[in-house]
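Asker: The structure follows.
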Amino acid sequence: MIRQMGDIMADHQTSIREPQIHGNKNLNDVTNEVCNIMDRKPTWLWWLGITLSLSALTLGIVSVSYQIATGIGTWGLNKTVGWAFDITNFVFWVGIGHAGTLISAILFLFRQKWRTSINRSAEAMTIFAVMCAGLFPIIHMGRPWLAYWMFPYPNFRGPLWINFRSPLAWDVFAIGTYLIISATFWYFGMIPDLATVRDRAKNKIKKFIFGALSLGWNGSYRVWHRYETVYALLAGLATPLVVSVHTVVSFDFATSSIPGWHTTTFPPYFVAGAVFSGFAMVLTLMIIARKTLKLEEYITLNHIENMTKVIIVTGGIVTASYATEFFIAWYSGNGFEQFVFLNRALGPFAWAYWIMVGCNLITPQFFWFRSIRRNVIIVFILSIFVNIGMWFERFVIIVTSLHRDFLPSAWSMYAPTWVEIGTLIGSFGLFFTLFLLFIRTMPMISMGEVKSVLHFRGKGKEA
Amino acid sequence: MEKLLIAEFQNEYDLVDSVKAVRAADIDVIDAYTPYAVHGLDKAMDLKPSRLTQICFTFAFIGLLVGVLGQYWVSAVNWPINIGGRPWNSLPAFMPVAFEVIILFAGLGTVFSFFAWRRVKHGKPGLQPSLRVTNDRFYIVMKQGQQRKSATSVTEIVTAHHGKMVEN
């Protein structure tokens, strides 16, 4: 009797709950459809994408080579505004790099099954974004060939060690660790799928490469059992790591004594902003991927809707942070602090401030409506607005806090030069080139995990 | 090498039920081969929880020691530099880096311990009952010659769970 009740309830549940993956697939379908993305010839859209990305990357390489050869005097910086475009881009890309590990680690710990279709490509996106981010501080050094001085190693200069009290040294460790652990997590999660590709490969070279990469994976359950343990441990380690990375990035500002920067709310504010912008970028990429690679049955409207909900929450936190900053500036009674915030909203960079407010406060409010959350084209457009808004947030924080400092005679304006704009475009080129190559060469959907959520069907039937 | 019995199944439910039934009939299940991590199979096969959690903790602890003592030695012992009058041993300022070192050691240590246990190397061939393991089939590998005690034969159990014997 109880058994029967259970079955009825199970049936009932499956009829309300939409399946994670549409199209009533079996295990073999998943293998074939995911692997076919790599096997078939690229579409003209892919060629268009790679052409545009490589062009942008070329512009970036030209700009970076020029500024390294000439010096960072080619930038629009001056004595007052010593940080601007470069650090804005750095923080922007680190922020983008937060969604991947959030999806793969935090949503894994919360048992959110919908993550399985998007975690692989979101993790790849994370790694590429962190690589883009890492370029900017290195370029900013002016003498990038000495970048290894950032690491503590025995040397003949004293030994003169790095200053471990500096947030910039913390950054090196936070971002370095984040890149290494994210890449490990990504590769580790991919091993079973690499074996799947190996076992169905007909071509000798492909068999060799994927044979090497899959490390002799054979699907043994004794190995799966340990594998799951390691995966859960990595997720547990990556979760505080995600939070720590943008916290440390925010310390670059928060530990300084510049009004507008030395704010104790920066760590949670930055982490929420990072997740906000990261999810917007995941949405942008996933909407393009599902359309061009015909993955609508894997990346369903439910996935898109879930991600827009994350954007509502994190957008709300970001909005609350903007309000808190203003309130505290007024409540502190500190004239310098009050001036910086009034100058942000009403000064010469007010246009940037209002782009930021417009994109980050208003855009998420559209997602309260279900019809908009499930309208792919509108979500795509709104996700781009969030990306723009979050880029301007970093620009506003950095430039408006610096350009009118304590001494009015030192006040100055900032405008980027073509070199700086070329470097930004080049970083987008690098990001999209890597992503487009990734979807052609690696299984972009985690087959092993998608297969484990397919079986919401019932006992005894053929899977 | 002794002969093995291999049974093939089409879905995870039949596999798990069959593993339970086979073990109930006192036949040793050496291993199962599955395309994904089947939920509940560890209990059915009675696998012990992995010790990798302890290994992870050990590496995290080593990371803590390296992170804290390393920064202390560099900043306060080997070459102390006065930076803004801060104390040589600025322990609170060492915490972010120590934290990152803990995560780095624990993460890489765990993964490489797993690889070491698997004795992986580049291009090691996958030894598996069939190439379909990594696609859509489930297998149980059992020891042969233990069926004396049980009333029903392995084949009967397997067939009852919609499976078939591929090697016996």
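We name chains A, B, ... following the order of the structure tokens; residues begin at 1 in each chain, and ligands are numbered from 1 as shown.
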With only C-alpha atoms counted and 7 Å as the cut-off, give the residues of chain A in contact with chain B, each with its shortest interatomic distance in Å and the pair that gives it, as CSV.

Answerer:
```
residue,atom,partner,partner_atom,distance
A:Leu27,CA,B:Asp136,CA,5.1
A:Asn28,CA,B:Asp136,CA,5.5
A:Thr31,CA,B:Asn135,CA,6.3
A:Pro159,CA,B:Trp79,CA,7.0
A:Leu160,CA,B:Trp79,CA,6.9
A:Trp161,CA,B:Val74,CA,6.6
A:Phe164,CA,B:Phe94,CA,6.4
A:Arg165,CA,B:Ala93,CA,5.2
A:Trp170,CA,B:Val97,CA,5.6
A:Phe173,CA,B:Val97,CA,6.1
A:Ala174,CA,B:Glu100,CA,5.9
A:Thr177,CA,B:Leu104,CA,5.9
A:Ile181,CA,B:Gly107,CA,6.7
A:Ala195,CA,B:Thr134,CA,6.7
A:Thr196,CA,B:Thr134,CA,4.9
A:Asp199,CA,B:Leu131,CA,5.7
A:Gly211,CA,B:Gly123,CA,4.9
A:Ala212,CA,B:Gly123,CA,3.6
A:Leu213,CA,B:His122,CA,6.8
A:Leu215,CA,B:Val120,CA,5.6
A:Gly216,CA,B:Gly126,CA,4.3
A:Trp217,CA,B:Gly126,CA,5.4
A:Asn218,CA,B:Gly126,CA,4.8
A:Gly219,CA,B:Tyr33,CA,5.0
A:Ser220,CA,B:Tyr33,CA,4.4
A:Tyr221,CA,B:Ala32,CA,5.1
A:Arg222,CA,B:Asp31,CA,6.6
A:Trp224,CA,B:Ala37,CA,5.8
A:His225,CA,B:Asp42,CA,6.9
A:Arg226,CA,B:Ser50,CA,6.0
A:Thr229,CA,B:Ser50,CA,7.0
A:Val230,CA,B:Thr110,CA,6.7
A:Leu234,CA,B:Gly107,CA,6.0
A:Leu237,CA,B:Ile103,CA,6.1
A:Gly448,CA,B:Tyr36,CA,5.0
A:Glu449,CA,B:Tyr36,CA,6.8
A:Lys451,CA,B:Tyr36,CA,6.9
A:Ser452,CA,B:Tyr36,CA,6.3
A:Lys459,CA,B:Tyr13,CA,6.6
A:Gly460,CA,B:Asp14,CA,6.8
A:Glu462,CA,B:Gln10,CA,6.3
A:Ala463,CA,B:Asn11,CA,5.3
```

Asker: Could you write out, as a PyMOL selection string, all the residues of region 44-158 of chain B that DSSP marks as alpha helix (DSSP H)?

Answerer: chain B and resi 44-45+52-72+91-118+154-158

Asker: Using CA of Lys41 (chain A) and CA of Leu437 (chain A) as the two end points, give the distance in Å to one decimal.

Answerer: 13.0 Å

Asker: Looking at only C-alpha atoms, which of B:Ala25, B:Ile55, B:Ile6, B:Leu15 is the one that sits closest to Ser153 (chain B)?

Answerer: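 For Ser153 (chain B), the nearest of the given residues is B:Ala25.
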
Asker: Which polymer residues have any atom within 10 Å of an atom of Val396 (chain A), counting only C-alpha atoms, with same-chain residues fewer than 5 positions away left out, as number ranges by chain?

Answerer: A: 84, 88, 260, 344-345, 349-356, 390-391, 401-402

Asker: Restricting the calculation to only C-alpha atoms: of A:Trp330, A:Phe188, A:Trp114, A:Phe253, which residue gets closest to Glu305 (chain A)?

Answerer: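 Residue with the minimum atom-to-atom distance to Glu305 (chain A): A:Trp114.
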
Asker: Looking at B:Met165, B:Ala76, B:Met142, B:Leu64, which one is nearest to Arg23 (chain B), with distances taken over only C-alpha atoms?

Answerer: B:Met142

Asker: I'd like the neighbourhood of Tyr66 (chain A) as a list of chain:residue names, where a residue qualifies if any of its atoms comes within 12 Å (using only C-alpha atoms), though same-chain residues fewer than 6 positions away should be ignored.

Answerer: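 Surrounding residues, per the criterion: A:Leu59, A:Gly60, A:Ile72, A:Gly73, A:Thr74, A:Trp75, A:Ile139, A:Gly142, A:Trp418, A:Val419, A:Glu420, A:Gly422, A:Thr423.
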
Asker: Would you put the residues from that selection into a file with N, CA and C atoms, as an mmCIF file, in the first residue's frame?

Answerer:
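Saved the output as part39.cif:
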```cif
data_model
loop_
_atom_site.group_PDB
_atom_site.id
_atom_site.type_symbol
_atom_site.label_atom_id
_atom_site.label_comp_id
_atom_site.auth_asym_id
_atom_site.auth_seq_id
_atom_site.Cartn_x
_atom_site.Cartn_y
_atom_site.Cartn_z
ATOM 1 N N LEU A 59 44.202 43.128 -32.684
ATOM 2 C CA LEU A 59 44.260 44.524 -32.245
ATOM 3 C C LEU A 59 44.872 44.604 -30.843
ATOM 4 N N GLY A 60 44.465 43.667 -29.993
ATOM 5 C CA GLY A 60 44.998 43.641 -28.628
ATOM 6 C C GLY A 60 46.494 43.396 -28.617
ATOM 7 N N ILE A 72 54.103 52.717 -20.449
ATOM 8 C CA ILE A 72 52.697 52.983 -20.188
ATOM 9 C C ILE A 72 52.388 54.472 -20.197
ATOM 10 N N GLY A 73 53.314 55.289 -20.620
ATOM 11 C CA GLY A 73 53.004 56.669 -20.940
ATOM 12 C C GLY A 73 52.042 56.770 -22.114
ATOM 13 N N THR A 74 51.866 55.652 -22.840
ATOM 14 C CA THR A 74 50.905 55.652 -23.946
ATOM 15 C C THR A 74 49.470 55.643 -23.446
ATOM 16 N N TRP A 75 49.290 55.465 -22.134
ATOM 17 C CA TRP A 75 47.938 55.473 -21.585
ATOM 18 C C TRP A 75 47.518 56.892 -21.224
ATOM 19 N N ILE A 139 50.530 43.752 -17.547
ATOM 20 C CA ILE A 139 50.797 44.866 -18.464
ATOM 21 C C ILE A 139 51.074 46.134 -17.671
ATOM 22 N N GLY A 142 54.465 47.691 -16.503
ATOM 23 C CA GLY A 142 55.353 48.456 -17.362
ATOM 24 C C GLY A 142 56.556 47.651 -17.806
ATOM 25 N N TRP A 418 43.767 55.306 -27.512
ATOM 26 C CA TRP A 418 43.439 54.155 -28.377
ATOM 27 C C TRP A 418 44.131 52.892 -27.899
ATOM 28 N N VAL A 419 45.278 53.043 -27.260
ATOM 29 C CA VAL A 419 46.024 51.873 -26.793
ATOM 30 C C VAL A 419 45.214 51.137 -25.726
ATOM 31 N N GLU A 420 44.631 51.924 -24.821
ATOM 32 C CA GLU A 420 43.866 51.293 -23.739
ATOM 33 C C GLU A 420 42.593 50.636 -24.273
ATOM 34 N N GLY A 422 42.161 49.578 -27.318
ATOM 35 C CA GLY A 422 42.595 48.410 -28.094
ATOM 36 C C GLY A 422 42.899 47.225 -27.198
ATOM 37 N N THR A 423 43.483 47.482 -26.011
ATOM 38 C CA THR A 423 43.789 46.395 -25.094
ATOM 39 C C THR A 423 42.510 45.763 -24.567
#
```
